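Asker: File name run.tsv; file contents TSV, C-alpha atoms; full text below.
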chain	number	residue	atom	x	y	z
A	1	MET	CA	-11.20	-6.90	22.90
A	2	GLN	CA	-10.77	-10.60	22.25
A	3	ILE	CA	-7.44	-11.88	20.89
A	4	GLU	CA	-6.88	-15.05	18.89
A	5	GLN	CA	-3.33	-16.00	17.88
A	6	LEU	CA	-3.17	-18.24	14.82
A	7	VAL	CA	-0.02	-19.62	13.24
A	8	VAL	CA	-0.59	-19.51	9.49
A	9	GLY	CA	1.11	-20.08	6.17
A	10	GLN	CA	4.20	-21.94	5.09
A	11	MET	CA	6.47	-19.58	7.05
A	12	GLY	CA	4.70	-19.83	10.40
A	13	VAL	CA	3.42	-16.27	10.69
A	14	CYS	CA	1.58	-15.32	13.86
A	15	CYS	CA	-1.69	-13.84	12.65
A	16	TYR	CA	-3.85	-12.10	15.23
A	17	LEU	CA	-7.62	-11.84	15.12
A	18	LEU	CA	-8.97	-9.04	17.30
A	19	GLY	CA	-12.69	-9.11	17.91
A	20	CYS	CA	-14.97	-6.43	19.31
A	21	GLU	CA	-17.54	-8.00	21.61
A	22	GLY	CA	-20.08	-5.22	21.11
A	23	SER	CA	-20.07	-4.79	17.34
A	24	LYS	CA	-19.06	-8.37	16.45
A	25	GLN	CA	-16.53	-6.91	14.04
A	26	ALA	CA	-12.95	-8.14	13.76
A	27	LEU	CA	-9.63	-7.25	12.23
A	28	ALA	CA	-6.75	-9.48	11.24
A	29	ILE	CA	-3.14	-8.48	11.83
A	30	ASP	CA	-0.76	-10.07	9.29
A	31	PRO	CA	-2.94	-12.70	7.59
A	32	GLY	CA	-0.05	-14.62	6.09
A	33	GLY	CA	-1.91	-17.54	4.52
A	34	ASP	CA	-4.38	-20.25	5.59
A	35	GLU	CA	-7.26	-17.96	4.69
A	36	GLU	CA	-9.90	-20.62	5.29
A	37	LYS	CA	-8.56	-21.14	8.80
A	38	ILE	CA	-8.89	-17.41	9.47
A	39	LEU	CA	-12.40	-17.26	8.02
A	40	THR	CA	-13.46	-20.33	10.01
A	41	HIS	CA	-12.31	-18.74	13.27
A	42	CYS	CA	-14.20	-15.55	12.46
A	43	GLN	CA	-17.33	-17.50	11.58
A	44	ALA	CA	-17.15	-19.60	14.75
A	45	ALA	CA	-16.84	-16.44	16.85
A	46	GLY	CA	-19.63	-14.68	14.97
A	47	TRP	CA	-17.29	-11.93	13.77
A	48	GLN	CA	-17.39	-9.91	10.57
A	49	LEU	CA	-13.85	-9.41	9.26
A	50	LYS	CA	-13.56	-5.72	8.39
A	51	LEU	CA	-9.86	-4.80	8.40
A	52	LEU	CA	-6.58	-6.44	7.35
A	53	VAL	CA	-3.75	-4.63	9.13
A	54	CYS	CA	-0.18	-5.17	7.89
A	55	THR	CA	2.71	-4.68	10.31
A	56	HIS	CA	4.92	-4.62	7.21
A	57	GLY	CA	4.88	-5.58	3.56
A	58	HIS	CA	6.88	-8.81	3.39
A	59	PRO	CA	4.96	-11.41	1.36
A	60	ASP	CA	4.79	-13.98	4.16
A	61	HIS	CA	2.75	-11.49	6.21
A	62	VAL	CA	0.45	-10.17	3.47
A	63	CYS	CA	-0.09	-13.15	1.18
A	64	GLY	CA	-3.59	-13.76	2.55
A	65	ASN	CA	-4.81	-10.24	1.86
A	66	ALA	CA	-6.14	-10.80	-1.65
A	67	ALA	CA	-8.23	-13.88	-0.83
A	68	LEU	CA	-9.60	-12.40	2.40
A	69	LYS	CA	-10.47	-9.13	0.70
A	70	ARG	CA	-12.34	-11.05	-2.01
A	71	ALA	CA	-14.20	-13.12	0.57
A	72	THR	CA	-15.13	-10.34	3.00
A	73	GLY	CA	-14.52	-6.94	1.42
A	74	ALA	CA	-12.16	-6.10	4.30
A	75	GLU	CA	-9.96	-3.03	3.87
A	76	ILE	CA	-6.18	-3.39	3.75
A	77	ILE	CA	-4.17	-1.03	5.98
A	78	MET	CA	-0.40	-0.42	5.72
A	79	HIS	CA	2.10	2.29	6.62
A	80	GLY	CA	2.71	4.61	3.68
A	81	ASP	CA	6.47	3.98	3.61
A	82	ASP	CA	5.97	0.26	3.07
A	83	ALA	CA	3.21	0.82	0.53
A	84	ASP	CA	5.65	2.95	-1.48
A	85	PHE	CA	8.61	0.60	-1.00
A	86	PHE	CA	6.86	-2.67	-1.82
A	87	GLY	CA	5.11	-1.03	-4.77
A	88	ARG	CA	8.44	-0.55	-6.56
A	89	PRO	CA	8.85	-2.96	-9.52
A	90	GLU	CA	12.38	-3.99	-8.50
A	91	VAL	CA	11.23	-4.75	-4.95
A	92	GLU	CA	8.23	-6.72	-6.18
A	93	GLN	CA	10.54	-8.72	-8.44
A	94	TYR	CA	12.99	-9.45	-5.63
A	95	PHE	CA	10.36	-10.77	-3.21
A	96	SER	CA	8.55	-12.75	-5.91
A	97	MET	CA	11.26	-15.39	-5.32
A	98	LEU	CA	9.29	-16.46	-2.26
A	99	GLY	CA	6.49	-17.63	-4.52
A	100	LEU	CA	3.71	-16.14	-2.39
A	101	PRO	CA	0.66	-14.21	-3.63
A	102	ALA	CA	1.12	-10.46	-3.73
A	103	SER	CA	-1.12	-8.18	-1.70
A	104	PRO	CA	-3.48	-5.80	-3.48
A	105	PRO	CA	-2.62	-2.13	-2.92
A	106	PRO	CA	-3.67	-0.93	0.53
A	107	ASP	CA	-7.02	0.83	0.88
A	108	ARG	CA	-5.73	3.03	3.69
A	109	LEU	CA	-2.29	4.35	4.57
A	110	VAL	CA	-1.39	5.10	8.18
A	111	LYS	CA	1.41	7.01	9.85
A	112	ASP	CA	3.06	7.16	13.24
A	113	ASN	CA	0.71	7.72	16.22
A	114	GLU	CA	-2.40	7.32	14.11
A	115	VAL	CA	-5.18	5.27	15.72
A	116	ILE	CA	-6.93	2.42	13.91
A	117	GLU	CA	-10.46	2.05	15.24
A	118	LEU	CA	-12.96	-0.77	14.86
A	119	GLY	CA	-15.89	-0.90	17.25
A	120	SER	CA	-14.32	-0.64	20.71
A	121	ILE	CA	-10.86	-1.61	19.43
A	122	ARG	CA	-8.24	1.15	19.38
A	123	LEU	CA	-4.79	0.38	17.97
A	124	GLN	CA	-2.10	3.05	18.12
A	125	VAL	CA	0.36	2.88	15.24
A	126	ILE	CA	4.00	2.96	16.36
A	127	HIS	CA	6.35	3.37	13.39
A	128	THR	CA	9.33	1.06	13.95
A	129	PRO	CA	11.45	1.05	10.78
A	130	GLY	CA	14.48	-1.20	10.43
A	131	HIS	CA	13.08	-4.55	9.38
A	132	THR	CA	11.32	-2.65	6.59
A	133	PRO	CA	11.02	1.11	5.98
A	134	GLY	CA	7.38	1.23	7.02
A	135	GLY	CA	7.30	-1.44	9.69
A	136	ILE	CA	4.85	-0.74	12.50
A	137	CYS	CA	3.86	-2.10	15.88
A	138	LEU	CA	0.26	-1.84	17.09
A	139	TYR	CA	-0.40	-0.84	20.69
A	140	ALA	CA	-3.60	-1.33	22.66
A	141	ALA	CA	-2.45	-1.24	26.27
A	142	PRO	CA	-1.41	-3.63	27.67
A	143	HIS	CA	-1.03	-5.42	24.33
A	144	LEU	CA	1.64	-4.77	21.68
A	145	PHE	CA	1.60	-6.54	18.33
A	146	THR	CA	5.16	-6.30	17.07
A	147	GLY	CA	5.23	-8.03	13.68
A	148	ASP	CA	8.85	-8.74	12.77
A	149	THR	CA	10.22	-5.76	14.69
A	150	LEU	CA	10.53	-7.77	17.91
A	151	PHE	CA	10.40	-11.49	18.63
A	152	VAL	CA	10.72	-13.32	21.93
A	153	GLY	CA	14.47	-13.20	22.45
A	154	GLY	CA	15.21	-11.81	19.00
A	155	VAL	CA	14.36	-9.35	16.24
A	156	GLY	CA	13.54	-9.44	12.56
A	157	ARG	CA	16.30	-9.83	10.00
A	158	THR	CA	17.71	-6.77	8.28
A	159	ASP	CA	19.53	-8.30	5.31
A	160	PHE	CA	16.57	-8.03	2.92
A	161	PRO	CA	16.16	-4.90	0.75
A	162	GLY	CA	14.85	-2.06	2.90
A	163	GLY	CA	16.32	-3.42	6.12
A	164	ASP	CA	18.84	-1.62	8.30
A	165	THR	CA	20.21	-2.91	11.60
A	166	ALA	CA	21.06	0.46	13.17
A	167	THR	CA	17.60	1.79	12.34
A	168	LEU	CA	15.94	-1.28	13.85
A	169	ILE	CA	17.95	-1.03	17.08
A	170	GLY	CA	16.98	2.65	17.29
A	171	SER	CA	13.31	1.73	16.90
A	172	LEU	CA	13.57	-0.84	19.68
A	173	GLN	CA	15.29	1.53	22.07
A	174	LYS	CA	13.32	4.70	21.35
A	175	ARG	CA	9.85	3.36	20.62
A	176	LEU	CA	9.40	0.04	22.44
A	177	LEU	CA	11.61	0.13	25.54
A	178	VAL	CA	9.75	3.26	26.68
A	179	LEU	CA	6.52	1.28	27.03
A	180	PRO	CA	5.48	-0.09	30.45
A	181	PRO	CA	7.40	-3.27	31.38
A	182	GLU	CA	4.13	-5.21	31.78
A	183	THR	CA	3.24	-4.59	28.12
A	184	VAL	CA	2.43	-7.95	26.51
A	185	VAL	CA	4.49	-8.62	23.38
A	186	TRP	CA	2.70	-10.58	20.65
A	187	PRO	CA	5.37	-11.33	17.97
A	188	GLY	CA	5.06	-11.88	14.23
A	189	HIS	CA	6.69	-15.33	14.49
A	190	GLY	CA	6.96	-17.66	17.46
A	191	TYR	CA	10.64	-18.42	17.02
A	192	GLY	CA	11.51	-17.91	20.69
A	193	GLY	CA	8.02	-18.23	22.11
A	194	SER	CA	4.45	-17.17	21.43
A	195	ARG	CA	4.38	-14.16	23.77
A	196	SER	CA	6.47	-12.17	26.22
A	197	THR	CA	6.55	-8.75	27.89
A	198	ILE	CA	8.59	-5.62	27.32
A	199	GLY	CA	10.12	-6.11	30.77
A	200	GLU	CA	11.23	-9.64	29.96
A	201	GLU	CA	12.64	-8.58	26.61
A	202	ALA	CA	14.47	-5.60	28.15
A	203	ARG	CA	16.10	-8.03	30.57
A	204	ASP	CA	16.79	-11.03	28.34
A	205	ASN	CA	16.72	-10.05	24.65
A	206	PRO	CA	20.32	-9.44	23.50
A	207	TYR	CA	19.15	-6.88	20.94
A	208	LEU	CA	17.66	-4.81	23.75
A	209	THR	CA	20.45	-5.34	26.28
A	210	GLY	CA	23.19	-4.48	23.79
A	211	LYS	CA	24.80	-7.93	24.00
A	212	TRP	CA	24.01	-9.06	20.45
A	213	TYR	CA	27.29	-7.90	18.86
Any chance you could give the structure as structure tokens?
Answerer:
Amino acid sequence: MQIEQLVVGQMGVCCYLLGCEGSKQALAIDPGGDEEKILTHCQAAGWQLKLLVCTHGHPDHVCGNAALKRATGAEIIMHGDDADFFGRPEVEQYFSMLGLPASPPPDRLVKDNEVIELGSIRLQVIHTPGHTPGGICLYAAPHLFTGDTLFVGGVGRTDFPGGDTATLIGSLQKRLLVLPPETVVWPGHGYGGSRSTIGEEARDNPYLTGKWY
């Protein structure tokens, strides 16, 4: 599995392109804008973009879905809880204030512990609610793509509709801290750095050490 980290869109989302060397197929995690940049990277690598995987439904992480789906026919994948939540008219209206394109409805809904497969790529879905109801992390040992659940030295905000701090802390403690310490953390934004490990975050991240309050 080849990994490309691209910073895209007006909100600096870390989009990840995962390529399968054998099949020359690829998936994009959180294509939050700069669609031509994403397509150019796929073309340069000789990859066919087949899947668009959403760690959660916030517009800054899904605003590239529509254009990429039109260009490639790639399927959109999201956890069912976020598909339901972000499909509510009042939620759509609230997040429209960001002025970003909405995502088309997902083609496939996933749940906790489900595996997303593409060629030789296997991503285990880890449901980590708190930032959003259907937030997920994607695990392909030793790599963990955390979206806005976990940043380097921080976590995603919980003051938007659907967020809950206690739920997020529970997700971190029960779902992520149990992973091997050498697990590589690839965050949804590079606020504190572009990558880390679970061991480093367990030691230094105040939201994991209990020193944030």
Asker: Using all atoms listed in the file, find each residue of region 112-153 of chain A with at least one atom at most 7 Å away from an atom of region 188-191 of chain A; report its shortest atom-to-atom pair and that distance in Å (one decimal), sort the rows by chain and rising residue number, and return the result as JSON lines.
Answerer:
{"residue": "A:Thr146", "atom": "CA", "partner": "A:Gly188", "partner_atom": "CA", "distance": 6.3}
{"residue": "A:Gly147", "atom": "CA", "partner": "A:Gly188", "partner_atom": "CA", "distance": 3.9}
{"residue": "A:Asp148", "atom": "CA", "partner": "A:Gly188", "partner_atom": "CA", "distance": 5.1}
{"residue": "A:Phe151", "atom": "CA", "partner": "A:His189", "partner_atom": "CA", "distance": 6.8}
Asker: Go ahead and dump the residues you just picked, C-alpha atoms, as a PDB file, in the coordinates of the input.
Answerer:
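Output file out-v4.pdb follows:
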ATOM      1  CA  THR A 146       5.160  -6.300  17.070  1.00  0.00           C
ATOM      2  CA  GLY A 147       5.230  -8.030  13.680  1.00  0.00           C
ATOM      3  CA  ASP A 148       8.850  -8.740  12.770  1.00  0.00           C
ATOM      4  CA  PHE A 151      10.400 -11.490  18.630  1.00  0.00           C
TER       5      PHE A 151
END
Asker: So how far away is CA of Thr183 (chain A) from CA of Ile38 (chain A), in Å?
Answerer: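 Computing it gives 25.7 Å between the two atoms.
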Asker: Which centre and edge lengths in Å to one decimal define the box along x, y and z that fits every listed atom of region 142-151 of chain A plus 4 Å per side, as AutoDock Vina command-line options?
Answerer:
--center_x 4.6 --center_y -7.6 --center_z 20.2 --size_x 19.9 --size_y 15.9 --size_z 22.9
Asker: With distances taken over all atoms listed in the file, which residue among A:Ala83, A:Val110, A:Leu150, A:Leu208 lies nearest Arg195 (chain A)?
Answerer: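 The shortest atom-to-atom distance to Arg195 (chain A) comes from A:Leu150.
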Asker: Quote the spacing between CA of Gln173 (chain A) and CA of Cys15 (chain A) in Å to one decimal place.
Answerer: 24.8 Å
Asker: Of the candidates A:Cys54, A:Cys137, A:Leu144, A:Leu68, which shows the shortest atom-to-atom distance to Pro106 (chain A), using only C-alpha atoms?
Answerer: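 The shortest atom-to-atom distance to Pro106 (chain A) comes from A:Cys54.
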Asker: Excluding region 74-80 of chain A and residues on its chain fewer than 2 positions from it, collect all residues at most 10 Å away from it, counting all atoms listed in the file, and give them as a PyMOL selection string.
Answerer: chain A and resi 26-29+48-57+62+65-66+68-72+82-85+103-112+116+125-127+133-136
Asker: Provide the CA of Gly199 (chain A) to CA of Met11 (chain A) distance in Å, to one decimal place.
Answerer: 27.5 Å
Asker: List as a list in words the protein and nucleic acid residues near Ala140 (chain A), meaning an atom at most 10 Å away when all atoms listed in the file are counted, but skip any in the same chain fewer than 4 places from it.
Answerer: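 Everything that qualifies: Met1, Val115, Ile121, Arg122, Leu123, Gln124, Val125, Leu144, Phe145, Thr183 and Val184 of chain A.
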